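To keep things clear, I will list the structure first and then write my remarks on it.
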Amino acid sequence: MTNGSMSFNQSTVDPEDVKRHSKLAESWWDLNGPMKLLHAYNSVRVPFIRDGLVPPSTERTLAPLTNKSILDVGCGGGILTEALAELGANMTGIDASEELVEVAKEHTYNNPSIISNNPTYYFTTVEQHSEQFRNHYDAVVASEIIEHVTDKELFVKSCIKTLKPGGIIFITTPSKTRFTQIFSIFFAENILGMIPKGTHQYDKLMTPEQLKLLLNQNNCPVEVTRGITFNPLTSRFSLTDSTRMTFAVKAVKNAN
């Protein structure tokens, strides 16, 4: 990986993890490639974010997130970033992989559905970004990233720092359960090859209670927690009340 002049000092980035994901850059947008499940994952995380920002009871338009400024932390090649931009959001994506940021930029330019609403991408860390963009965004999305960082408290603090008072943070991450260890890591990665091998380390995972505590301690109380499950027979994700596999939280930054 080419790190340019960016240093990972004073950041939560795991350089080895960045290298692992950077190797997938060329196949990031292959719908049948190693990122296949991440593409399918948009079917639940995009509505969760949309409904968290624009309640379903409000009158819906084709671009319900218009005028919402959203930061996608650990955006990778832009799979979620572009999906939210298609709903009208003013998107900024940041990632510690220079290769993936370049993939995101290139794909954005070739997506006609967001030609008038292109996301802005930065090769940087959230710790660095939060110093320049404090109290800046209406929402922050950290989807499938907190399980990869080395200092979860600093990561959460930095994400919240970029939020306006009253802004919303959305986090999705695998649950630290034996179910996840057996099925999502051992079988999905090592046996079935549904997820690139080495993507997750059990010791880096969090429980919903641990994440809620971390957010609450940083002036950002959790309002919603939902479980996410995957059906391997249909290759479809769905929201559920059980958080034993993966979970999503919505938390709101206090105004004071």
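Letters for chains follow the order of the structure tokens (A, B, ...), residue numbers begin at 1 for each chain, and ligand numbers begin at 1 in the order shown.
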For Ser235 (chain A), work out the shell of residues within 10 Å, counting only C-alpha atoms and skipping chain neighbours fewer than 2 positions away, then give it as a list of chain:residue names. A:Lys36, A:Leu37, A:Ala40, A:Tyr41, A:Phe230, A:Asn231, A:Pro232, A:Leu233, A:Phe237
So which residues of region 40-195 of chain A fall under strand (DSSP E or B) by DSSP, listed as a PDB file with N, CA and C atoms, in the first residue's frame?
```pdb
ATOM      1  N   SER A  69     -25.710  16.481   5.280  1.00  0.00           N
ATOM      2  CA  SER A  69     -24.272  16.255   5.112  1.00  0.00           C
ATOM      3  C   SER A  69     -23.865  15.047   5.955  1.00  0.00           C
ATOM      4  N   ILE A  70     -23.288  14.042   5.295  1.00  0.00           N
ATOM      5  CA  ILE A  70     -22.983  12.777   5.967  1.00  0.00           C
ATOM      6  C   ILE A  70     -21.526  12.398   5.721  1.00  0.00           C
ATOM      7  N   LEU A  71     -20.852  11.973   6.788  1.00  0.00           N
ATOM      8  CA  LEU A  71     -19.487  11.471   6.704  1.00  0.00           C
ATOM      9  C   LEU A  71     -19.517   9.957   6.793  1.00  0.00           C
ATOM     10  N   ASP A  72     -18.937   9.287   5.801  1.00  0.00           N
ATOM     11  CA  ASP A  72     -18.806   7.830   5.798  1.00  0.00           C
ATOM     12  C   ASP A  72     -17.371   7.495   6.188  1.00  0.00           C
ATOM     13  N   VAL A  73     -17.211   7.009   7.412  1.00  0.00           N
ATOM     14  CA  VAL A  73     -15.880   6.706   7.956  1.00  0.00           C
ATOM     15  C   VAL A  73     -15.488   5.275   7.582  1.00  0.00           C
ATOM     16  N   ASN A  90     -25.360  14.797   0.840  1.00  0.00           N
ATOM     17  CA  ASN A  90     -24.078  15.429   0.515  1.00  0.00           C
ATOM     18  C   ASN A  90     -23.001  14.607   1.220  1.00  0.00           C
ATOM     19  N   MET A  91     -22.381  13.688   0.472  1.00  0.00           N
ATOM     20  CA  MET A  91     -21.528  12.674   1.075  1.00  0.00           C
ATOM     21  C   MET A  91     -20.046  13.038   1.058  1.00  0.00           C
ATOM     22  N   THR A  92     -19.397  12.711   2.173  1.00  0.00           N
ATOM     23  CA  THR A  92     -17.939  12.747   2.277  1.00  0.00           C
ATOM     24  C   THR A  92     -17.488  11.372   2.737  1.00  0.00           C
ATOM     25  N   GLY A  93     -16.555  10.790   2.019  1.00  0.00           N
ATOM     26  CA  GLY A  93     -16.022   9.495   2.410  1.00  0.00           C
ATOM     27  C   GLY A  93     -14.552   9.602   2.754  1.00  0.00           C
ATOM     28  N   ILE A  94     -14.146   8.967   3.849  1.00  0.00           N
ATOM     29  CA  ILE A  94     -12.734   8.963   4.225  1.00  0.00           C
ATOM     30  C   ILE A  94     -12.272   7.529   4.461  1.00  0.00           C
ATOM     31  N   ASP A  95     -11.021   7.269   4.114  1.00  0.00           N
ATOM     32  CA  ASP A  95     -10.469   5.939   4.334  1.00  0.00           C
ATOM     33  C   ASP A  95      -8.960   6.035   4.459  1.00  0.00           C
ATOM     34  N   THR A 120     -17.398  13.515  -2.015  1.00  0.00           N
ATOM     35  CA  THR A 120     -16.020  13.978  -1.880  1.00  0.00           C
ATOM     36  C   THR A 120     -15.254  12.943  -1.059  1.00  0.00           C
ATOM     37  N   TYR A 121     -14.091  12.542  -1.537  1.00  0.00           N
ATOM     38  CA  TYR A 121     -13.310  11.516  -0.844  1.00  0.00           C
ATOM     39  C   TYR A 121     -11.973  12.066  -0.371  1.00  0.00           C
ATOM     40  N   TYR A 122     -11.558  11.603   0.815  1.00  0.00           N
ATOM     41  CA  TYR A 122     -10.258  11.982   1.372  1.00  0.00           C
ATOM     42  C   TYR A 122      -9.514  10.734   1.820  1.00  0.00           C
ATOM     43  N   PHE A 123      -8.239  10.683   1.508  1.00  0.00           N
ATOM     44  CA  PHE A 123      -7.330   9.662   2.031  1.00  0.00           C
ATOM     45  C   PHE A 123      -6.823  10.178   3.367  1.00  0.00           C
ATOM     46  N   TYR A 137     -20.858  17.753  10.492  1.00  0.00           N
ATOM     47  CA  TYR A 137     -21.785  16.888   9.752  1.00  0.00           C
ATOM     48  C   TYR A 137     -23.119  16.682  10.480  1.00  0.00           C
ATOM     49  N   ASP A 138     -24.170  16.481   9.664  1.00  0.00           N
ATOM     50  CA  ASP A 138     -25.482  16.128  10.214  1.00  0.00           C
ATOM     51  C   ASP A 138     -25.490  14.684  10.703  1.00  0.00           C
ATOM     52  N   ALA A 139     -24.690  13.850  10.063  1.00  0.00           N
ATOM     53  CA  ALA A 139     -24.640  12.433  10.435  1.00  0.00           C
ATOM     54  C   ALA A 139     -23.275  11.853  10.120  1.00  0.00           C
ATOM     55  N   VAL A 140     -22.906  10.845  10.886  1.00  0.00           N
ATOM     56  CA  VAL A 140     -21.690  10.069  10.643  1.00  0.00           C
ATOM     57  C   VAL A 140     -22.100   8.609  10.531  1.00  0.00           C
ATOM     58  N   VAL A 141     -21.551   7.929   9.545  1.00  0.00           N
ATOM     59  CA  VAL A 141     -21.791   6.501   9.360  1.00  0.00           C
ATOM     60  C   VAL A 141     -20.462   5.771   9.521  1.00  0.00           C
ATOM     61  N   ALA A 142     -20.447   4.787  10.406  1.00  0.00           N
ATOM     62  CA  ALA A 142     -19.269   3.944  10.586  1.00  0.00           C
ATOM     63  C   ALA A 142     -19.741   2.503  10.467  1.00  0.00           C
ATOM     64  N   SER A 143     -19.800   2.013   9.237  1.00  0.00           N
ATOM     65  CA  SER A 143     -20.359   0.695   8.971  1.00  0.00           C
ATOM     66  C   SER A 143     -19.263  -0.329   8.730  1.00  0.00           C
ATOM     67  N   LEU A 163     -19.476  15.552  14.411  1.00  0.00           N
ATOM     68  CA  LEU A 163     -20.925  15.749  14.367  1.00  0.00           C
ATOM     69  C   LEU A 163     -21.344  17.114  14.898  1.00  0.00           C
ATOM     70  N   LYS A 164     -22.340  17.695  14.253  1.00  0.00           N
ATOM     71  CA  LYS A 164     -22.985  18.878  14.812  1.00  0.00           C
ATOM     72  C   LYS A 164     -23.730  18.469  16.080  1.00  0.00           C
ATOM     73  N   PRO A 165     -23.933  19.375  17.034  1.00  0.00           N
ATOM     74  CA  PRO A 165     -24.813  19.067  18.167  1.00  0.00           C
ATOM     75  C   PRO A 165     -26.185  18.660  17.636  1.00  0.00           C
ATOM     76  N   GLY A 166     -26.705  17.565  18.133  1.00  0.00           N
ATOM     77  CA  GLY A 166     -27.962  17.039  17.625  1.00  0.00           C
ATOM     78  C   GLY A 166     -27.789  16.118  16.431  1.00  0.00           C
ATOM     79  N   GLY A 167     -26.544  15.981  15.960  1.00  0.00           N
ATOM     80  CA  GLY A 167     -26.263  15.090  14.836  1.00  0.00           C
ATOM     81  C   GLY A 167     -26.353  13.631  15.243  1.00  0.00           C
ATOM     82  N   ILE A 168     -26.437  12.767  14.244  1.00  0.00           N
ATOM     83  CA  ILE A 168     -26.680  11.341  14.481  1.00  0.00           C
ATOM     84  C   ILE A 168     -25.513  10.505  13.974  1.00  0.00           C
ATOM     85  N   ILE A 169     -25.123   9.514  14.774  1.00  0.00           N
ATOM     86  CA  ILE A 169     -24.116   8.555  14.326  1.00  0.00           C
ATOM     87  C   ILE A 169     -24.762   7.187  14.189  1.00  0.00           C
ATOM     88  N   PHE A 170     -24.432   6.516  13.075  1.00  0.00           N
ATOM     89  CA  PHE A 170     -24.911   5.161  12.806  1.00  0.00           C
ATOM     90  C   PHE A 170     -23.700   4.236  12.760  1.00  0.00           C
ATOM     91  N   ILE A 171     -23.763   3.151  13.520  1.00  0.00           N
ATOM     92  CA  ILE A 171     -22.669   2.186  13.544  1.00  0.00           C
ATOM     93  C   ILE A 171     -23.244   0.791  13.327  1.00  0.00           C
ATOM     94  N   THR A 172     -22.632   0.029  12.419  1.00  0.00           N
ATOM     95  CA  THR A 172     -22.960  -1.387  12.286  1.00  0.00           C
ATOM     96  C   THR A 172     -21.674  -2.175  12.486  1.00  0.00           C
ATOM     97  N   THR A 173     -21.792  -3.312  13.156  1.00  0.00           N
ATOM     98  CA  THR A 173     -20.605  -4.111  13.460  1.00  0.00           C
ATOM     99  C   THR A 173     -21.025  -5.509  13.902  1.00  0.00           C
ATOM    100  N   PRO A 174     -20.190  -6.524  13.666  1.00  0.00           N
ATOM    101  CA  PRO A 174     -20.511  -7.865  14.164  1.00  0.00           C
ATOM    102  C   PRO A 174     -20.512  -7.907  15.689  1.00  0.00           C
ATOM    103  N   SER A 175     -21.389  -8.720  16.252  1.00  0.00           N
ATOM    104  CA  SER A 175     -21.458  -8.875  17.711  1.00  0.00           C
ATOM    105  C   SER A 175     -20.351  -9.806  18.203  1.00  0.00           C
TER     106      SER A 175
END
```
Contacts between region 211-220 of chain A and region 132-170 of chain A, please, where a residue of region 132-170 of chain A counts if it comes within 8 Å (with only C-alpha atoms); show its shortest atom pair and distance in Å to one decimal, rows by chain and ascending number, as a tab-separated table.
```
residue	atom	partner	partner_atom	distance
A:Glu153	CA	A:Leu214	CA	6.7
A:Val156	CA	A:Leu215	CA	7.1
A:Lys157	CA	A:Asn218	CA	6.6
A:Ile160	CA	A:Cys220	CA	7.5
```
I'd like the contact shell of Lys23 (chain A) - 12 Å cut-off, only C-alpha atoms, skipping same-chain residues fewer than 3 positions apart - returned as a PyMOL selection string. chain A and resi 1-2+16-20+26-28+34-35+76-77+97-100+103+196+199
When you look at Val44 (chain A) with a cut-off of 9 Å (counting only C-alpha atoms), what residues show up, excluding the ones that are within fewer than 6 positions of it in the same chain? I need them as a ChimeraX atom specification. /A:228,237-239
Tell me which protein, DNA and RNA residues are within 9 Å of Thr229 (chain A), counting only C-alpha atoms, leaving out same-chain ones fewer than 6 positions away, and put them as a PyMOL selection string. chain A and resi 236-240+242-247
Would you put the residues from that selection into a file with N, CA, C and O atoms, as a PDB file, in the first residue's frame?
```
ATOM      1  N   ARG A 236     -29.565 -12.942   1.609  1.00  0.00           N
ATOM      2  CA  ARG A 236     -30.212 -11.673   1.941  1.00  0.00           C
ATOM      3  C   ARG A 236     -30.044 -11.350   3.422  1.00  0.00           C
ATOM      4  O   ARG A 236     -30.083 -12.239   4.283  1.00  0.00           O
ATOM      5  N   PHE A 237     -29.853 -10.060   3.694  1.00  0.00           N
ATOM      6  CA  PHE A 237     -29.790  -9.560   5.065  1.00  0.00           C
ATOM      7  C   PHE A 237     -31.162  -9.045   5.469  1.00  0.00           C
ATOM      8  O   PHE A 237     -31.954  -8.613   4.621  1.00  0.00           O
ATOM      9  N   SER A 238     -31.425  -9.044   6.771  1.00  0.00           N
ATOM     10  CA  SER A 238     -32.675  -8.472   7.274  1.00  0.00           C
ATOM     11  C   SER A 238     -32.477  -7.997   8.702  1.00  0.00           C
ATOM     12  O   SER A 238     -31.613  -8.492   9.437  1.00  0.00           O
ATOM     13  N   LEU A 239     -33.275  -6.989   9.089  1.00  0.00           N
ATOM     14  CA  LEU A 239     -33.245  -6.489  10.457  1.00  0.00           C
ATOM     15  C   LEU A 239     -34.006  -7.453  11.358  1.00  0.00           C
ATOM     16  O   LEU A 239     -34.992  -8.067  10.941  1.00  0.00           O
ATOM     17  N   THR A 240     -33.555  -7.570  12.591  1.00  0.00           N
ATOM     18  CA  THR A 240     -34.164  -8.496  13.527  1.00  0.00           C
ATOM     19  C   THR A 240     -34.005  -7.949  14.942  1.00  0.00           C
ATOM     20  O   THR A 240     -33.287  -6.968  15.163  1.00  0.00           O
ATOM     21  N   SER A 242     -32.761  -9.867  17.325  1.00  0.00           N
ATOM     22  CA  SER A 242     -31.609 -10.573  17.883  1.00  0.00           C
ATOM     23  C   SER A 242     -30.309  -9.920  17.435  1.00  0.00           C
ATOM     24  O   SER A 242     -30.091  -9.684  16.245  1.00  0.00           O
ATOM     25  N   THR A 243     -29.426  -9.649  18.388  1.00  0.00           N
ATOM     26  CA  THR A 243     -28.134  -9.028  18.074  1.00  0.00           C
ATOM     27  C   THR A 243     -26.983 -10.030  18.160  1.00  0.00           C
ATOM     28  O   THR A 243     -25.828  -9.644  18.292  1.00  0.00           O
ATOM     29  N   ARG A 244     -27.281 -11.309  18.055  1.00  0.00           N
ATOM     30  CA  ARG A 244     -26.221 -12.297  18.258  1.00  0.00           C
ATOM     31  C   ARG A 244     -25.252 -12.406  17.080  1.00  0.00           C
ATOM     32  O   ARG A 244     -24.153 -12.931  17.225  1.00  0.00           O
ATOM     33  N   MET A 245     -25.644 -11.897  15.895  1.00  0.00           N
ATOM     34  CA  MET A 245     -24.766 -11.971  14.734  1.00  0.00           C
ATOM     35  C   MET A 245     -24.131 -10.620  14.427  1.00  0.00           C
ATOM     36  O   MET A 245     -22.912 -10.457  14.467  1.00  0.00           O
ATOM     37  N   THR A 246     -24.944  -9.637  14.101  1.00  0.00           N
ATOM     38  CA  THR A 246     -24.498  -8.290  13.768  1.00  0.00           C
ATOM     39  C   THR A 246     -25.535  -7.323  14.313  1.00  0.00           C
ATOM     40  O   THR A 246     -26.703  -7.680  14.461  1.00  0.00           O
ATOM     41  N   PHE A 247     -25.111  -6.106  14.625  1.00  0.00           N
ATOM     42  CA  PHE A 247     -26.085  -5.151  15.125  1.00  0.00           C
ATOM     43  C   PHE A 247     -25.810  -3.757  14.585  1.00  0.00           C
ATOM     44  O   PHE A 247     -24.708  -3.444  14.118  1.00  0.00           O
TER      45      PHE A 247
END
```
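In this structure, CA of Ala104 (chain A) sits 4.9 Å away from CA of Gly78 (chain A).
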So which residues of region 46-216 of chain A fall under helix (DSSP H, G or I) by DSSP, listed as a PyMOL selection string? chain A and resi 46-53+79-85+98-109+112-114+126-132+146-148+152-161+178-191+202-204+208-216
Skip Val149 (chain A) itself and residues of its chain fewer than 3 positions away, then list as a PyMOL selection string all residues within 9 Å of it, counting only C-alpha atoms. chain A and resi 11-14+17+145-146+152+155+204
Please produce a file of those selected residues containing all heavy atoms, as an mmCIF file, in the first residue's frame.
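The resulting file, part_10.cif, is reproduced below:
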```
data_model
loop_
_atom_site.group_PDB
_atom_site.id
_atom_site.type_symbol
_atom_site.label_atom_id
_atom_site.label_comp_id
_atom_site.auth_asym_id
_atom_site.auth_seq_id
_atom_site.Cartn_x
_atom_site.Cartn_y
_atom_site.Cartn_z
ATOM 1 N N SER A 11 -3.461 7.657 15.647
ATOM 2 C CA SER A 11 -4.686 7.252 14.986
ATOM 3 C C SER A 11 -5.055 5.853 15.453
ATOM 4 O O SER A 11 -4.283 5.172 16.119
ATOM 5 C CB SER A 11 -4.524 7.261 13.462
ATOM 6 O OG SER A 11 -3.957 6.058 13.002
ATOM 7 N N THR A 12 -6.250 5.438 15.090
ATOM 8 C CA THR A 12 -6.740 4.120 15.491
ATOM 9 C C THR A 12 -6.547 3.084 14.383
ATOM 10 O O THR A 12 -7.011 1.962 14.495
ATOM 11 C CB THR A 12 -8.232 4.212 15.832
ATOM 12 O OG1 THR A 12 -8.961 4.541 14.641
ATOM 13 C CG2 THR A 12 -8.499 5.268 16.879
ATOM 14 N N VAL A 13 -5.880 3.477 13.310
ATOM 15 C CA VAL A 13 -5.734 2.613 12.139
ATOM 16 C C VAL A 13 -4.795 1.441 12.426
ATOM 17 O O VAL A 13 -3.728 1.608 13.012
ATOM 18 C CB VAL A 13 -5.213 3.425 10.936
ATOM 19 C CG1 VAL A 13 -4.844 2.507 9.775
ATOM 20 C CG2 VAL A 13 -6.252 4.439 10.498
ATOM 21 N N ASP A 14 -5.206 0.261 11.992
ATOM 22 C CA ASP A 14 -4.357 -0.928 12.023
ATOM 23 C C ASP A 14 -3.751 -1.068 10.620
ATOM 24 O O ASP A 14 -4.444 -1.447 9.673
ATOM 25 C CB ASP A 14 -5.193 -2.156 12.360
ATOM 26 C CG ASP A 14 -4.372 -3.432 12.424
ATOM 27 O OD1 ASP A 14 -3.233 -3.439 11.904
ATOM 28 O OD2 ASP A 14 -4.865 -4.429 12.969
ATOM 29 N N ASP A 17 -4.398 -4.255 8.704
ATOM 30 C CA ASP A 17 -5.779 -4.388 8.254
ATOM 31 C C ASP A 17 -6.004 -3.565 6.984
ATOM 32 O O ASP A 17 -6.698 -3.996 6.059
ATOM 33 C CB ASP A 17 -6.731 -3.926 9.362
ATOM 34 C CG ASP A 17 -8.151 -4.400 9.135
ATOM 35 O OD1 ASP A 17 -8.479 -5.506 9.594
ATOM 36 O OD2 ASP A 17 -8.926 -3.673 8.498
ATOM 37 N N ILE A 145 -16.552 -1.005 10.448
ATOM 38 C CA ILE A 145 -15.200 -0.441 10.559
ATOM 39 C C ILE A 145 -14.675 -0.468 11.991
ATOM 40 O O ILE A 145 -13.487 -0.694 12.213
ATOM 41 C CB ILE A 145 -15.154 1.007 9.987
ATOM 42 C CG1 ILE A 145 -13.738 1.573 10.002
ATOM 43 C CG2 ILE A 145 -16.108 1.923 10.733
ATOM 44 C CD1 ILE A 145 -12.782 0.864 9.095
ATOM 45 N N ILE A 146 -15.556 -0.290 12.981
ATOM 46 C CA ILE A 146 -15.057 -0.187 14.355
ATOM 47 C C ILE A 146 -14.408 -1.491 14.810
ATOM 48 O O ILE A 146 -13.517 -1.483 15.675
ATOM 49 C CB ILE A 146 -16.190 0.230 15.332
ATOM 50 C CG1 ILE A 146 -15.585 0.702 16.655
ATOM 51 C CG2 ILE A 146 -17.202 -0.885 15.532
ATOM 52 C CD1 ILE A 146 -16.584 1.358 17.598
ATOM 53 N N LYS A 152 -10.826 1.807 20.147
ATOM 54 C CA LYS A 152 -12.241 2.074 19.900
ATOM 55 C C LYS A 152 -12.724 3.358 20.566
ATOM 56 O O LYS A 152 -13.565 4.076 20.021
ATOM 57 C CB LYS A 152 -13.075 0.875 20.337
ATOM 58 C CG LYS A 152 -12.856 -0.338 19.440
ATOM 59 C CD LYS A 152 -13.563 -1.562 19.957
ATOM 60 C CE LYS A 152 -13.479 -2.719 18.965
ATOM 61 N NZ LYS A 152 -12.142 -2.990 18.444
ATOM 62 N N PHE A 155 -11.536 6.263 18.482
ATOM 63 C CA PHE A 155 -12.281 6.235 17.227
ATOM 64 C C PHE A 155 -13.671 6.846 17.409
ATOM 65 O O PHE A 155 -14.089 7.711 16.630
ATOM 66 C CB PHE A 155 -12.397 4.798 16.726
ATOM 67 C CG PHE A 155 -13.196 4.646 15.459
ATOM 68 C CD1 PHE A 155 -12.619 4.890 14.223
ATOM 69 C CD2 PHE A 155 -14.530 4.256 15.509
ATOM 70 C CE1 PHE A 155 -13.354 4.751 13.049
ATOM 71 C CE2 PHE A 155 -15.270 4.120 14.340
ATOM 72 C CZ PHE A 155 -14.679 4.370 13.117
ATOM 73 N N LYS A 204 -11.313 -8.396 18.499
ATOM 74 C CA LYS A 204 -11.556 -6.989 18.184
ATOM 75 C C LYS A 204 -13.043 -6.635 18.155
ATOM 76 O O LYS A 204 -13.400 -5.464 18.007
ATOM 77 C CB LYS A 204 -10.941 -6.632 16.822
ATOM 78 C CG LYS A 204 -9.443 -6.371 16.858
ATOM 79 C CD LYS A 204 -9.011 -5.857 15.492
ATOM 80 C CE LYS A 204 -7.641 -5.235 15.545
ATOM 81 N NZ LYS A 204 -7.268 -4.632 14.259
#
```
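Rounded to one decimal, CA of Ala96 (chain A) and CA of Thr180 (chain A) lie 26.0 Å from each other.
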Tell me which of A:Glu147, A:Glu223, A:Glu131, A:Asp30 sits closest to Gly52 (chain A), counting only C-alpha atoms. A:Glu223
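Relative to CA of Lys250 (chain A), CA of Arg134 (chain A) is found at 19.7 Å.
Using only C-alpha atoms, the protein and nucleic acid residues lying no more than 8 Å from Leu62 (chain A), apart from those fewer than 2 places from it along its own chain, are Arg60, Pro64 and Leu87 of chain A.
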Write the selection just made, keeping N, CA and C atoms, as an mmCIF file, in the first residue's frame?
```
data_model
loop_
_atom_site.group_PDB
_atom_site.id
_atom_site.type_symbol
_atom_site.label_atom_id
_atom_site.label_comp_id
_atom_site.auth_asym_id
_atom_site.auth_seq_id
_atom_site.Cartn_x
_atom_site.Cartn_y
_atom_site.Cartn_z
ATOM 1 N N ARG A 60 -42.224 11.180 1.652
ATOM 2 C CA ARG A 60 -40.998 10.747 1.021
ATOM 3 C C ARG A 60 -40.857 11.302 -0.400
ATOM 4 N N PRO A 64 -34.664 11.615 -0.363
ATOM 5 C CA PRO A 64 -35.056 12.025 0.993
ATOM 6 C C PRO A 64 -33.923 12.602 1.835
ATOM 7 N N LEU A 87 -29.519 8.920 -2.718
ATOM 8 C CA LEU A 87 -30.711 9.385 -1.991
ATOM 9 C C LEU A 87 -30.645 10.886 -1.725
#
```
